[in-house]
>>> print(open('final-v7.csv').read())   # CSV, C-alpha atoms and all ligand atoms
chain,number,residue,atom,x,y,z
A,213,MET,CA,109.5,82.8,69.6
A,214,ALA,CA,110.0,85.2,72.4
A,215,THR,CA,109.7,83.6,75.9
A,216,GLU,CA,106.9,85.1,77.9
A,217,ARG,CA,108.0,86.8,81.1
A,218,PRO,CA,106.4,85.1,84.1
A,219,ARG,CA,103.4,87.0,85.5
A,220,SER,CA,103.4,88.7,88.8
A,221,ARG,CA,101.8,86.8,91.7
A,222,VAL,CA,100.9,90.1,93.4
A,223,ARG,CA,97.3,91.2,92.7
A,224,CYS,CA,96.7,94.9,92.6
A,225,GLU,CA,93.1,96.2,93.1
A,226,VAL,CA,93.9,99.6,91.6
A,227,ASP,CA,93.1,100.3,88.0
A,228,PHE,CA,96.0,102.5,86.8
A,229,ASP,CA,94.0,103.7,83.7
A,230,ARG,CA,91.1,105.1,85.7
A,231,ASN,CA,90.8,108.9,86.3
A,232,GLY,CA,90.4,110.2,89.8
A,233,ARG,CA,91.7,108.9,93.1
A,234,GLN,CA,92.0,105.3,94.1
A,235,ALA,CA,93.4,104.0,97.3
A,236,GLY,CA,93.8,100.4,98.1
A,237,TYR,CA,96.2,97.5,98.3
A,238,ALA,CA,98.4,95.3,96.2
A,239,ARG,CA,98.1,91.8,97.7
A,240,ALA,CA,101.1,89.5,97.8
A,241,PRO,CA,100.4,85.8,98.6
A,242,LEU,CA,102.1,84.6,101.7
A,243,SER,CA,101.4,81.1,103.1
A,244,ARG,CA,101.9,81.1,106.8
A,245,ASN,CA,101.0,79.2,110.0
A,246,THR,CA,97.8,81.2,110.5
A,247,SER,CA,96.7,81.1,106.9
A,248,GLY,CA,97.7,79.0,104.0
A,249,TRP,CA,95.9,81.4,101.6
A,250,GLY,CA,97.1,84.5,103.4
A,251,VAL,CA,98.1,87.7,101.7
A,252,VAL,CA,100.4,90.7,102.7
A,253,GLU,CA,98.7,94.0,101.8
A,254,ILE,CA,100.8,96.8,100.4
A,255,PRO,CA,99.2,100.3,100.4
A,256,ILE,CA,99.0,102.0,97.0
A,257,ILE,CA,97.4,105.3,96.1
A,258,VAL,CA,96.9,106.5,92.5
A,259,LEU,CA,95.8,109.9,91.3
A,260,LYS,CA,95.2,110.4,87.6
A,261,ASN,CA,93.8,113.4,85.8
A,262,GLY,CA,94.3,115.3,82.5
A,263,SER,CA,97.6,114.6,80.7
A,264,GLY,CA,101.1,114.6,81.9
A,265,PRO,CA,103.9,112.2,83.1
A,266,THR,CA,103.5,109.3,85.5
A,267,VAL,CA,105.5,109.8,88.7
A,268,LEU,CA,106.2,107.0,91.2
A,269,LEU,CA,106.9,108.0,94.8
A,270,THR,CA,108.1,105.2,97.0
A,271,GLY,CA,109.0,104.9,100.7
A,272,GLY,CA,109.7,101.9,103.0
A,273,VAL,CA,111.7,99.8,100.5
A,274,HIS,CA,113.8,99.5,103.7
A,275,GLY,CA,111.7,99.1,106.8
A,276,ASP,CA,113.6,101.2,109.3
A,277,GLU,CA,113.7,104.4,107.2
A,278,TYR,CA,110.7,106.6,108.3
A,279,GLU,CA,110.9,110.0,106.6
A,280,GLY,CA,109.9,108.7,103.2
A,281,PRO,CA,106.9,106.8,104.4
A,282,ILE,CA,105.7,109.8,106.4
A,283,ALA,CA,106.3,112.3,103.5
A,284,VAL,CA,104.6,110.1,100.9
A,285,SER,CA,101.6,109.1,103.0
A,286,LYS,CA,101.0,112.8,103.9
A,287,LEU,CA,101.1,113.7,100.2
A,288,ALA,CA,98.8,110.8,99.4
A,289,ARG,CA,96.2,111.9,102.0
A,290,THR,CA,96.2,115.6,100.9
A,291,LEU,CA,96.7,115.7,97.1
A,292,LYS,CA,93.5,116.0,95.1
A,293,PRO,CA,93.1,114.4,91.7
A,294,GLU,CA,91.9,117.7,90.2
A,295,GLN,CA,95.2,119.3,91.2
A,296,VAL,CA,97.1,116.7,89.1
A,297,GLN,CA,98.0,116.7,85.4
A,298,GLY,CA,99.2,113.2,84.7
A,299,ARG,CA,99.4,110.4,87.2
A,300,VAL,CA,101.0,110.0,90.6
A,301,ILE,CA,101.5,106.5,92.0
A,302,MET,CA,102.3,106.6,95.7
A,303,MET,CA,103.5,103.6,97.7
A,304,PRO,CA,104.5,104.8,101.1
A,305,ALA,CA,105.4,101.4,102.5
A,306,VAL,CA,106.6,99.2,99.6
A,307,ASN,CA,108.2,96.5,101.8
A,308,ILE,CA,105.4,96.3,104.3
A,309,PRO,CA,106.7,93.3,106.2
A,310,ALA,CA,110.0,95.1,106.9
A,311,VAL,CA,108.2,98.4,107.6
A,312,MET,CA,106.0,96.7,110.3
A,313,ASN,CA,109.1,95.0,111.7
A,314,ASP,CA,111.3,98.2,111.7
A,315,THR,CA,114.1,96.4,110.0
A,316,ARG,CA,116.1,96.9,106.8
A,317,LEU,CA,115.7,93.3,105.8
A,318,SER,CA,112.3,91.5,105.4
A,319,PRO,CA,111.4,89.3,108.3
A,320,VAL,CA,109.8,86.9,105.8
A,321,ASP,CA,112.9,85.8,104.0
A,322,ASN,CA,115.7,87.8,105.7
A,323,ARG,CA,116.5,89.5,102.3
A,324,ASP,CA,117.1,93.2,101.5
A,325,MET,CA,114.4,93.8,98.9
A,326,ASN,CA,116.6,96.5,97.4
A,327,ARG,CA,119.1,93.8,96.4
A,328,CYS,CA,116.5,91.6,94.7
A,329,PHE,CA,115.8,93.4,91.5
A,330,PRO,CA,114.6,92.6,88.8
A,331,GLY,CA,113.1,89.9,91.1
A,332,ASP,CA,111.4,86.6,90.5
A,333,PRO,CA,107.7,85.8,90.9
A,334,ARG,CA,108.6,82.2,92.0
A,335,GLY,CA,111.5,83.3,94.2
A,336,THR,CA,111.4,84.4,97.9
A,337,PHE,CA,108.9,86.9,99.1
A,338,SER,CA,111.3,89.9,98.6
A,339,GLU,CA,112.1,88.6,95.1
A,340,MET,CA,108.3,88.3,94.3
A,341,LEU,CA,107.8,91.9,95.5
A,342,ALA,CA,110.8,93.2,93.5
A,343,HIS,CA,109.4,91.4,90.4
A,344,PHE,CA,106.0,93.1,91.0
A,345,MET,CA,107.6,96.5,91.1
A,346,ASP,CA,109.7,95.8,88.1
A,347,SER,CA,107.1,94.1,85.9
A,348,VAL,CA,103.8,95.8,86.9
A,349,ILE,CA,104.7,99.2,88.3
A,350,LEU,CA,107.8,100.4,86.5
A,351,PRO,CA,106.4,100.0,82.9
A,352,LEU,CA,103.8,102.7,83.8
A,353,VAL,CA,106.4,105.2,85.1
A,354,ASP,CA,108.2,108.1,83.6
A,355,VAL,CA,110.0,109.3,86.8
A,356,SER,CA,110.8,107.4,90.0
A,357,VAL,CA,111.6,109.1,93.3
A,358,ASP,CA,112.5,106.5,95.9
A,359,LEU,CA,112.9,107.9,99.4
A,360,HIS,CA,115.5,106.4,101.7
A,361,THR,CA,117.5,107.2,104.8
A,362,CYS,CA,120.4,105.3,106.4
A,363,GLY,CA,118.1,103.3,108.6
A,364,HIS,CA,119.7,102.0,111.8
A,365,SER,CA,123.1,101.6,110.1
A,366,GLY,CA,124.0,105.3,110.0
A,367,ASP,CA,123.1,108.9,109.5
A,368,SER,CA,123.2,111.0,106.4
A,369,ALA,CA,123.4,114.6,105.5
A,370,PRO,CA,119.9,115.3,104.0
A,371,SER,CA,120.4,114.7,100.3
A,372,THR,CA,119.0,113.4,97.1
A,373,ASN,CA,121.2,111.0,95.2
A,374,MET,CA,121.6,109.5,91.7
A,375,HIS,CA,123.8,107.2,89.8
A,376,TYR,CA,126.2,108.5,87.2
A,377,VAL,CA,124.2,107.1,84.3
A,378,ASP,CA,126.0,107.0,80.9
A,379,ASP,CA,123.1,108.6,79.0
A,380,ALA,CA,124.0,112.3,79.2
A,381,ALA,CA,120.4,113.5,78.5
A,382,ILE,CA,118.9,111.3,81.3
A,383,ARG,CA,121.8,112.4,83.6
A,384,GLU,CA,121.0,116.1,83.0
A,385,ARG,CA,117.2,115.5,83.5
A,386,THR,CA,118.0,113.7,86.8
A,387,MET,CA,120.3,116.5,88.0
A,388,ALA,CA,117.6,119.1,87.2
A,389,LEU,CA,115.0,117.0,89.1
A,390,ALA,CA,117.4,116.7,92.0
A,391,LYS,CA,117.9,120.5,92.0
A,392,ALA,CA,114.1,120.9,92.0
A,393,PHE,CA,113.7,118.4,94.9
A,394,GLY,CA,115.7,120.9,96.9
A,395,ALA,CA,117.6,118.9,99.5
A,396,PRO,CA,120.8,120.6,100.8
A,397,PHE,CA,122.9,118.2,98.7
A,398,ASN,CA,122.6,116.0,95.6
A,399,VAL,CA,125.1,113.2,95.5
A,400,VAL,CA,126.2,111.6,92.2
A,401,PHE,CA,127.8,108.2,92.8
A,402,SER,CA,128.6,104.8,91.3
A,403,GLY,CA,127.7,102.8,94.4
A,404,VAL,CA,129.1,99.8,96.2
A,405,ASP,CA,126.8,97.0,95.0
A,406,GLU,CA,124.1,98.5,92.8
A,407,GLY,CA,123.1,96.0,90.1
A,408,ALA,CA,120.1,94.6,92.0
A,409,THR,CA,118.6,97.8,93.4
A,410,LEU,CA,115.3,99.5,92.5
A,411,THR,CA,117.3,102.4,91.1
A,412,SER,CA,119.2,100.1,88.7
A,413,ALA,CA,115.9,98.4,87.6
A,414,VAL,CA,114.5,101.9,86.9
A,415,GLU,CA,117.6,102.9,85.0
A,416,ARG,CA,117.5,99.7,82.9
A,417,ARG,CA,114.1,101.0,81.6
A,418,GLY,CA,115.5,104.4,80.6
A,419,ILE,CA,113.4,106.1,83.3
A,420,VAL,CA,114.6,109.0,85.4
A,421,SER,CA,115.5,107.8,88.9
A,422,LEU,CA,116.1,109.9,92.0
A,423,GLY,CA,116.9,108.6,95.4
A,424,THR,CA,117.2,110.3,98.8
A,425,GLU,CA,119.0,109.9,102.1
A,426,LEU,CA,117.1,112.0,104.6
A,427,GLY,CA,118.5,110.9,107.9
A,428,GLY,CA,118.9,107.7,109.7
A,429,TRP,CA,119.8,106.3,113.2
A,430,GLY,CA,116.4,104.7,113.4
A,431,ARG,CA,114.7,107.9,114.4
A,432,VAL,CA,112.6,110.4,112.5
A,433,SER,CA,114.6,113.5,111.5
A,434,VAL,CA,112.6,116.7,111.7
A,435,GLU,CA,114.7,118.3,108.9
A,436,GLY,CA,114.5,115.0,106.9
A,437,VAL,CA,110.7,115.0,106.9
A,438,ARG,CA,110.5,118.7,106.1
A,439,ILE,CA,112.9,118.3,103.1
A,440,GLY,CA,111.2,115.1,102.0
A,441,GLU,CA,107.7,116.5,102.1
A,442,ARG,CA,108.7,119.6,100.3
A,443,GLY,CA,110.8,117.6,97.9
A,444,VAL,CA,108.1,115.3,96.6
A,445,ARG,CA,105.8,118.4,96.0
A,446,ASN,CA,108.8,120.2,94.3
A,447,VAL,CA,109.3,117.3,91.9
A,448,LEU,CA,105.6,117.3,90.9
A,449,LYS,CA,105.8,121.1,90.4
A,450,GLN,CA,109.0,120.8,88.3
A,451,LEU,CA,107.3,118.1,86.1
A,452,GLY,CA,104.2,120.2,85.6
A,453,VAL,CA,102.1,117.6,87.4
A,454,ILE,CA,100.9,120.1,90.0
A,455,GLU,CA,101.0,123.9,89.9
A,456,GLY,CA,103.7,126.1,91.3
A,457,LYS,CA,107.4,126.6,91.3
A,458,PRO,CA,109.8,124.4,93.4
A,459,ASP,CA,110.9,126.1,96.7
A,460,THR,CA,114.5,125.2,97.1
A,461,ALA,CA,115.7,127.7,99.6
A,462,GLN,CA,118.0,126.2,102.2
A,463,ARG,CA,118.1,126.7,106.0
A,464,ASP,CA,121.6,128.2,105.8
A,465,GLY,CA,120.4,130.8,103.3
A,466,SER,CA,121.9,129.2,100.2
A,467,PRO,CA,119.4,129.3,97.3
A,468,ALA,CA,119.7,125.7,96.0
A,469,THR,CA,121.0,122.2,96.2
A,470,ARG,CA,124.8,121.7,96.1
A,471,HIS,CA,125.7,119.0,93.6
A,472,MET,CA,128.2,116.6,95.1
A,473,MET,CA,129.7,113.2,94.2
A,474,VAL,CA,131.3,110.2,95.8
A,475,ARG,CA,134.4,110.0,93.6
A,476,ASN,CA,135.7,106.5,94.2
A,477,ALA,CA,136.3,103.7,96.7
A,478,GLU,CA,138.6,105.9,98.8
A,479,CYS,CA,135.6,107.9,99.9
A,480,TYR,CA,134.3,104.9,102.0
A,481,ALA,CA,135.8,104.0,105.4
A,482,PHE,CA,135.1,100.5,106.8
A,483,ALA,CA,135.5,99.1,110.3
A,484,PRO,CA,138.6,96.8,110.4
A,485,ARG,CA,137.3,95.0,113.4
A,486,SER,CA,134.0,94.5,115.3
A,487,GLY,CA,133.7,96.9,118.2
A,488,LEU,CA,132.2,100.1,119.6
A,489,PHE,CA,132.7,102.9,117.1
A,490,GLU,CA,133.2,106.4,118.4
A,491,PRO,CA,132.8,108.8,115.5
A,492,LEU,CA,134.6,112.2,115.6
A,493,GLN,CA,132.4,114.1,113.1
A,494,VAL,CA,128.8,114.7,112.3
A,495,VAL,CA,127.4,114.6,108.7
A,496,GLY,CA,128.1,117.8,106.8
A,497,ASP,CA,131.4,118.4,108.5
A,498,ARG,CA,134.5,119.2,106.5
A,499,ILE,CA,136.9,116.3,106.2
A,500,GLU,CA,140.6,116.1,105.2
A,501,ALA,CA,142.2,112.9,103.9
A,502,GLY,CA,144.3,111.4,106.7
A,503,GLN,CA,142.0,112.8,109.4
A,504,THR,CA,140.7,110.4,112.1
A,505,ALA,CA,137.1,109.3,111.3
A,506,GLY,CA,136.8,107.7,114.7
A,507,PHE,CA,138.0,105.0,117.1
A,508,LEU,CA,137.0,101.4,117.6
A,509,HIS,CA,136.8,100.6,121.3
A,510,PHE,CA,137.0,97.2,122.9
A,511,VAL,CA,135.6,97.8,126.4
A,512,GLU,CA,135.4,94.1,127.1
A,513,ASP,CA,139.2,94.0,127.4
A,514,VAL,CA,140.9,95.8,130.2
A,515,ASP,CA,143.3,98.5,129.0
A,516,ALA,CA,142.8,97.5,125.3
A,517,ALA,CA,144.0,100.3,123.0
A,518,PRO,CA,141.3,101.6,120.6
A,519,ILE,CA,141.9,101.3,116.8
A,520,GLU,CA,142.0,104.5,114.8
A,521,VAL,CA,139.9,104.6,111.6
A,522,VAL,CA,141.2,107.2,109.1
A,523,HIS,CA,139.5,109.0,106.3
A,524,ARG,CA,141.2,108.4,102.9
A,525,ALA,CA,139.5,111.2,101.0
A,526,SER,CA,138.8,114.9,101.6
A,527,GLY,CA,135.4,116.6,101.3
A,528,LEU,CA,132.3,116.7,103.4
A,529,LEU,CA,131.0,113.9,105.5
A,530,TRP,CA,127.9,112.5,103.7
A,531,MET,CA,127.2,109.5,105.9
A,532,SER,CA,128.4,108.4,109.3
A,533,ALA,CA,128.0,105.3,111.4
A,534,GLY,CA,126.0,104.0,113.1
A,535,PRO,CA,124.5,101.8,115.7
A,536,GLY,CA,127.4,102.1,118.2
A,537,ARG,CA,128.5,98.5,117.9
A,538,VAL,CA,129.7,97.9,114.4
A,539,GLN,CA,130.8,94.7,112.7
A,540,ARG,CA,134.0,94.1,110.9
A,541,GLY,CA,133.5,95.3,107.3
A,542,ASP,CA,130.7,97.7,108.2
A,543,CYS,CA,130.9,101.1,106.4
A,544,VAL,CA,131.4,103.8,109.1
A,545,ALA,CA,131.9,106.9,107.0
A,546,VAL,CA,131.3,108.2,103.4
A,547,VAL,CA,132.9,111.4,102.2
A,548,MET,CA,131.5,113.4,99.3
A,549,GLN,CA,133.2,116.1,97.1
A,550,ASP,CA,131.8,118.9,94.9
A,551,TYR,CA,130.5,117.5,91.6
A,552,ASP,CA,133.0,117.3,88.8
A,553,GLU,CA,131.9,115.4,85.7
A,554,ALA,CA,135.5,114.8,84.5
A,555,GLN,CA,136.0,112.6,87.5
A,556,PHE,CA,133.5,110.0,86.2
A,557,SER,CA,134.3,110.0,82.5
A,558,HIS,CA,137.5,108.0,82.9
A,559,ASP,CA,135.9,105.1,84.9
B,1,CA,CA,118.1,102.8,102.6
>>> encode(input="final-v7.csv", output="structure tokens")
Amino acid sequence: MATERPRSRVRCEVDFDRNGRQAGYARAPLSRNTSGWGVVEIPIIVLKNGSGPTVLLTGGVHGDEYEGPIAVSKLARTLKPEQVQGRVIMMPAVNIPAVMNDTRLSPVDNRDMNRCFPGDPRGTFSEMLAHFMDSVILPLVDVSVDLHTCGHSGDSAPSTNMHYVDDAAIRERTMALAKAFGAPFNVVFSGVDEGATLTSAVERRGIVSLGTELGGWGRVSVEGVRIGERGVRNVLKQLGVIEGKPDTAQRDGSPATRHMMVRNAECYAFAPRSGLFEPLQVVGDRIEAGQTAGFLHFVEDVDAAPIEVVHRASGLLWMSAGPGRVQRGDCVAVVMQDYDEAQFSHD
């Protein structure tokens, strides 16, 4: 006898099978000092009409990444159900406790929700939320676009990103979708610690998963919002959910997304000590292996020599640190290269 999967404890007032527009909340129970029967309300907007795929657009999985929540909520306010063929599920602020706290981690349980998948309804709050996404939302979905930035921990060249998934057909569909999204770069990578992310949960279900990195540094990037807003509409156009052709023209005049990859562990540079990090490049800059990424300063010690941090790979700078003060082991630079499928097939 098959064991039944435990049911979600999150109650969603939206009926996903109903045509038209619904806007409401998913309510996750949270017992707290002011209310033993309290709930946390997660905004959810669903448009359904005609026939076509179901597209999930998420922002705010990390609470200090603003471009996605802005882009998704603007789309949710303006898109009309009669413009849709299929279903669009929009969750602009998935991890609402973290969003309202402007932090990557949830203030409820101090967990990164994007390291809690597939989640557990009887686990911590973030695990319960991850389980809701995995067991209630993802089974409805054909394509997932999860909008991120680097938050307070860094900056990124505006980009979509995707895992190098083994299934060649899904990989090609994802690359085509990334091209349609139309960010300046699309980065294919294996990741540092990816098993418990939303992306991995989506992939386990054989669904197309596209992520983004649209900025960071705890601010709202003008270009990141522009690309994110255009990108979510471009994706819906590409999938035939709304009318029109994706507009992928880039600011520098190039016609389309440049497919990139993060080849291996050499592409990441980490801080060998805690200190103040002075980066020497901005995202998008050309990098040569052996070049100085930046210096760690120890201004609390008189005449202390800074420590040089060196890039170990050549390419373009995809991500840079950061918050100024970095901790030992923090990632301070990620370098990307032009996409070459052969680089992945031997892993
Ligand atoms: Ca993120």
>>> residues_near_ligand(input="final-v7.csv", ligand="ligand CA 1 (chain B)", cutoff="7 Å", atoms="only C-alpha atoms and all ligand atoms", output="JSON, numbers by chain")
{"A": [274, 277, 360, 361, 362, 363]}
>>> atom_distance(input="final-v7.csv", atom1="atom CA of A:Asn322", atom2="atom CA of A:Val474")
29.0 Å
>>> atom_distance(input="final-v7.csv", atom1="atom CA of A:Gly275", atom2="atom CA of A:Leu422")
18.8 Å
>>> closest_atom_pairs(input="final-v7.csv", of="stretch 328-397 of chain A", to="stretch 511-533 of chain A", cutoff="12 Å", atoms="only C-alpha atoms", output="tab-separated table")
residue	atom	partner	partner_atom	distance
A:Thr361	CA	A:Met531	CA	10.0
A:Cys362	CA	A:Met531	CA	8.0
A:Gly363	CA	A:Ala533	CA	10.5
A:His364	CA	A:Ala533	CA	8.9
A:Ser365	CA	A:Ala533	CA	6.3
A:Gly366	CA	A:Ala533	CA	4.2
A:Asp367	CA	A:Ser532	CA	5.3
A:Ser368	CA	A:Met531	CA	4.3
A:Ala369	CA	A:Trp530	CA	5.3
A:Pro370	CA	A:Trp530	CA	8.5
A:Ser371	CA	A:Trp530	CA	8.5
A:Thr372	CA	A:Trp530	CA	11.1
A:Asn373	CA	A:Trp530	CA	10.9
A:Pro396	CA	A:Trp530	CA	11.2
A:Phe397	CA	A:Trp530	CA	9.1
>>> closest_residue(input="final-v7.csv", among="A:Asp227, A:Asp464, A:Glu478, A:Glu425", to="A:Val495", atoms="only C-alpha atoms")
A:Glu425
>>> residues_around(input="final-v7.csv", residues="stretch 401-416 of chain A", least_positions_apart="6", cutoff="6 Å", atoms="all atoms listed in the file", output="list in words")
Asn326, Arg327, Cys328, Phe329, His375, Tyr376, Met473 and Val474 of chain A
>>> write_last_selection(input="final-v7.csv", atoms="C-alpha atoms", output="PDB file, in the coordinates of the input")
ATOM      1  CA  ASN A 326     116.600  96.500  97.400  1.00  0.00           C
ATOM      2  CA  ARG A 327     119.100  93.800  96.400  1.00  0.00           C
ATOM      3  CA  CYS A 328     116.500  91.600  94.700  1.00  0.00           C
ATOM      4  CA  PHE A 329     115.800  93.400  91.500  1.00  0.00           C
ATOM      5  CA  HIS A 375     123.800 107.200  89.800  1.00  0.00           C
ATOM      6  CA  TYR A 376     126.200 108.500  87.200  1.00  0.00           C
ATOM      7  CA  MET A 473     129.700 113.200  94.200  1.00  0.00           C
ATOM      8  CA  VAL A 474     131.300 110.200  95.800  1.00  0.00           C
TER       9      VAL A 474
END
>>> atom_distance(input="final-v7.csv", atom1="atom CA of A:Gln539", atom2="atom CA of A:Pro309")
25.0 Å
>>> residues_around(input="final-v7.csv", residues="A:Thr266", least_positions_apart="4", cutoff="7 Å", atoms="only C-alpha atoms", output="ChimeraX atom specification")
/A:298-300,352-355
>>> closest_residue(input="final-v7.csv", among="A:Ala395, A:Leu451, A:Met345, A:Leu389", to="A:Pro265", atoms="only C-alpha atoms")
A:Leu451
>>> residues_around(input="final-v7.csv", residues="A:Gly394", least_positions_apart="5", cutoff="10 Å", atoms="only C-alpha atoms", output="PDB file with C-alpha atoms, in the coordinates of the input")
ATOM      1  CA  PRO A 370     119.900 115.300 104.000  1.00  0.00           C
ATOM      2  CA  SER A 371     120.400 114.700 100.300  1.00  0.00           C
ATOM      3  CA  THR A 372     119.000 113.400  97.100  1.00  0.00           C
ATOM      4  CA  LEU A 389     115.000 117.000  89.100  1.00  0.00           C
ATOM      5  CA  ILE A 439     112.900 118.300 103.100  1.00  0.00           C
ATOM      6  CA  GLY A 440     111.200 115.100 102.000  1.00  0.00           C
ATOM      7  CA  ARG A 442     108.700 119.600 100.300  1.00  0.00           C
ATOM      8  CA  GLY A 443     110.800 117.600  97.900  1.00  0.00           C
ATOM      9  CA  VAL A 444     108.100 115.300  96.600  1.00  0.00           C
ATOM     10  CA  ASN A 446     108.800 120.200  94.300  1.00  0.00           C
ATOM     11  CA  VAL A 447     109.300 117.300  91.900  1.00  0.00           C
ATOM     12  CA  PRO A 458     109.800 124.400  93.400  1.00  0.00           C
ATOM     13  CA  ASP A 459     110.900 126.100  96.700  1.00  0.00           C
ATOM     14  CA  THR A 460     114.500 125.200  97.100  1.00  0.00           C
ATOM     15  CA  ALA A 461     115.700 127.700  99.600  1.00  0.00           C
ATOM     16  CA  GLN A 462     118.000 126.200 102.200  1.00  0.00           C
ATOM     17  CA  PRO A 467     119.400 129.300  97.300  1.00  0.00           C
ATOM     18  CA  ALA A 468     119.700 125.700  96.000  1.00  0.00           C
ATOM     19  CA  THR A 469     121.000 122.200  96.200  1.00  0.00           C
ATOM     20  CA  ARG A 470     124.800 121.700  96.100  1.00  0.00           C
TER      21      ARG A 470
END
>>> closest_residue(input="final-v7.csv", among="A:Lys292, A:Arg445, A:Arg385, A:Arg463", to="A:Leu269", atoms="only C-alpha atoms")
A:Arg445
>>> residues_near_point(input="final-v7.csv", point="(133.5, 104.2, 100.9)", cutoff="7 Å", atoms="all atoms listed in the file", output="list in words")
Ala477, Glu478, Cys479, Tyr480, Ala481, Cys543, Ala545 and Val546 of chain A
>>> closest_residue(input="final-v7.csv", among="A:Gln234, A:Asn245, A:Thr290, A:Asn398", to="A:Asp550", atoms="all atoms listed in the file")
A:Asn398
>>> closest_residue(input="final-v7.csv", among="A:Val306, A:Val420, A:Val348, A:Leu287", to="A:Asp379", atoms="only C-alpha atoms")
A:Val420
>>> residues_around(input="final-v7.csv", residues="stretch 249-256 of chain A", least_positions_apart="2", cutoff="9 Å", atoms="all atoms listed in the file", output="PDB file with C-alpha atoms, in the coordinates of the input")
ATOM      1  CA  CYS A 224      96.700  94.900  92.600  1.00  0.00           C
ATOM      2  CA  VAL A 226      93.900  99.600  91.600  1.00  0.00           C
ATOM      3  CA  GLN A 234      92.000 105.300  94.100  1.00  0.00           C
ATOM      4  CA  ALA A 235      93.400 104.000  97.300  1.00  0.00           C
ATOM      5  CA  GLY A 236      93.800 100.400  98.100  1.00  0.00           C
ATOM      6  CA  TYR A 237      96.200  97.500  98.300  1.00  0.00           C
ATOM      7  CA  ALA A 238      98.400  95.300  96.200  1.00  0.00           C
ATOM      8  CA  ARG A 239      98.100  91.800  97.700  1.00  0.00           C
ATOM      9  CA  ALA A 240     101.100  89.500  97.800  1.00  0.00           C
ATOM     10  CA  PRO A 241     100.400  85.800  98.600  1.00  0.00           C
ATOM     11  CA  LEU A 242     102.100  84.600 101.700  1.00  0.00           C
ATOM     12  CA  SER A 243     101.400  81.100 103.100  1.00  0.00           C
ATOM     13  CA  ARG A 244     101.900  81.100 106.800  1.00  0.00           C
ATOM     14  CA  THR A 246      97.800  81.200 110.500  1.00  0.00           C
ATOM     15  CA  SER A 247      96.700  81.100 106.900  1.00  0.00           C
ATOM     16  CA  VAL A 258      96.900 106.500  92.500  1.00  0.00           C
ATOM     17  CA  ILE A 301     101.500 106.500  92.000  1.00  0.00           C
ATOM     18  CA  MET A 302     102.300 106.600  95.700  1.00  0.00           C
ATOM     19  CA  MET A 303     103.500 103.600  97.700  1.00  0.00           C
ATOM     20  CA  PRO A 304     104.500 104.800 101.100  1.00  0.00           C
ATOM     21  CA  ALA A 305     105.400 101.400 102.500  1.00  0.00           C
ATOM     22  CA  VAL A 306     106.600  99.200  99.600  1.00  0.00           C
ATOM     23  CA  ASN A 307     108.200  96.500 101.800  1.00  0.00           C
ATOM     24  CA  ILE A 308     105.400  96.300 104.300  1.00  0.00           C
ATOM     25  CA  PRO A 309     106.700  93.300 106.200  1.00  0.00           C
TER      26      PRO A 309
END
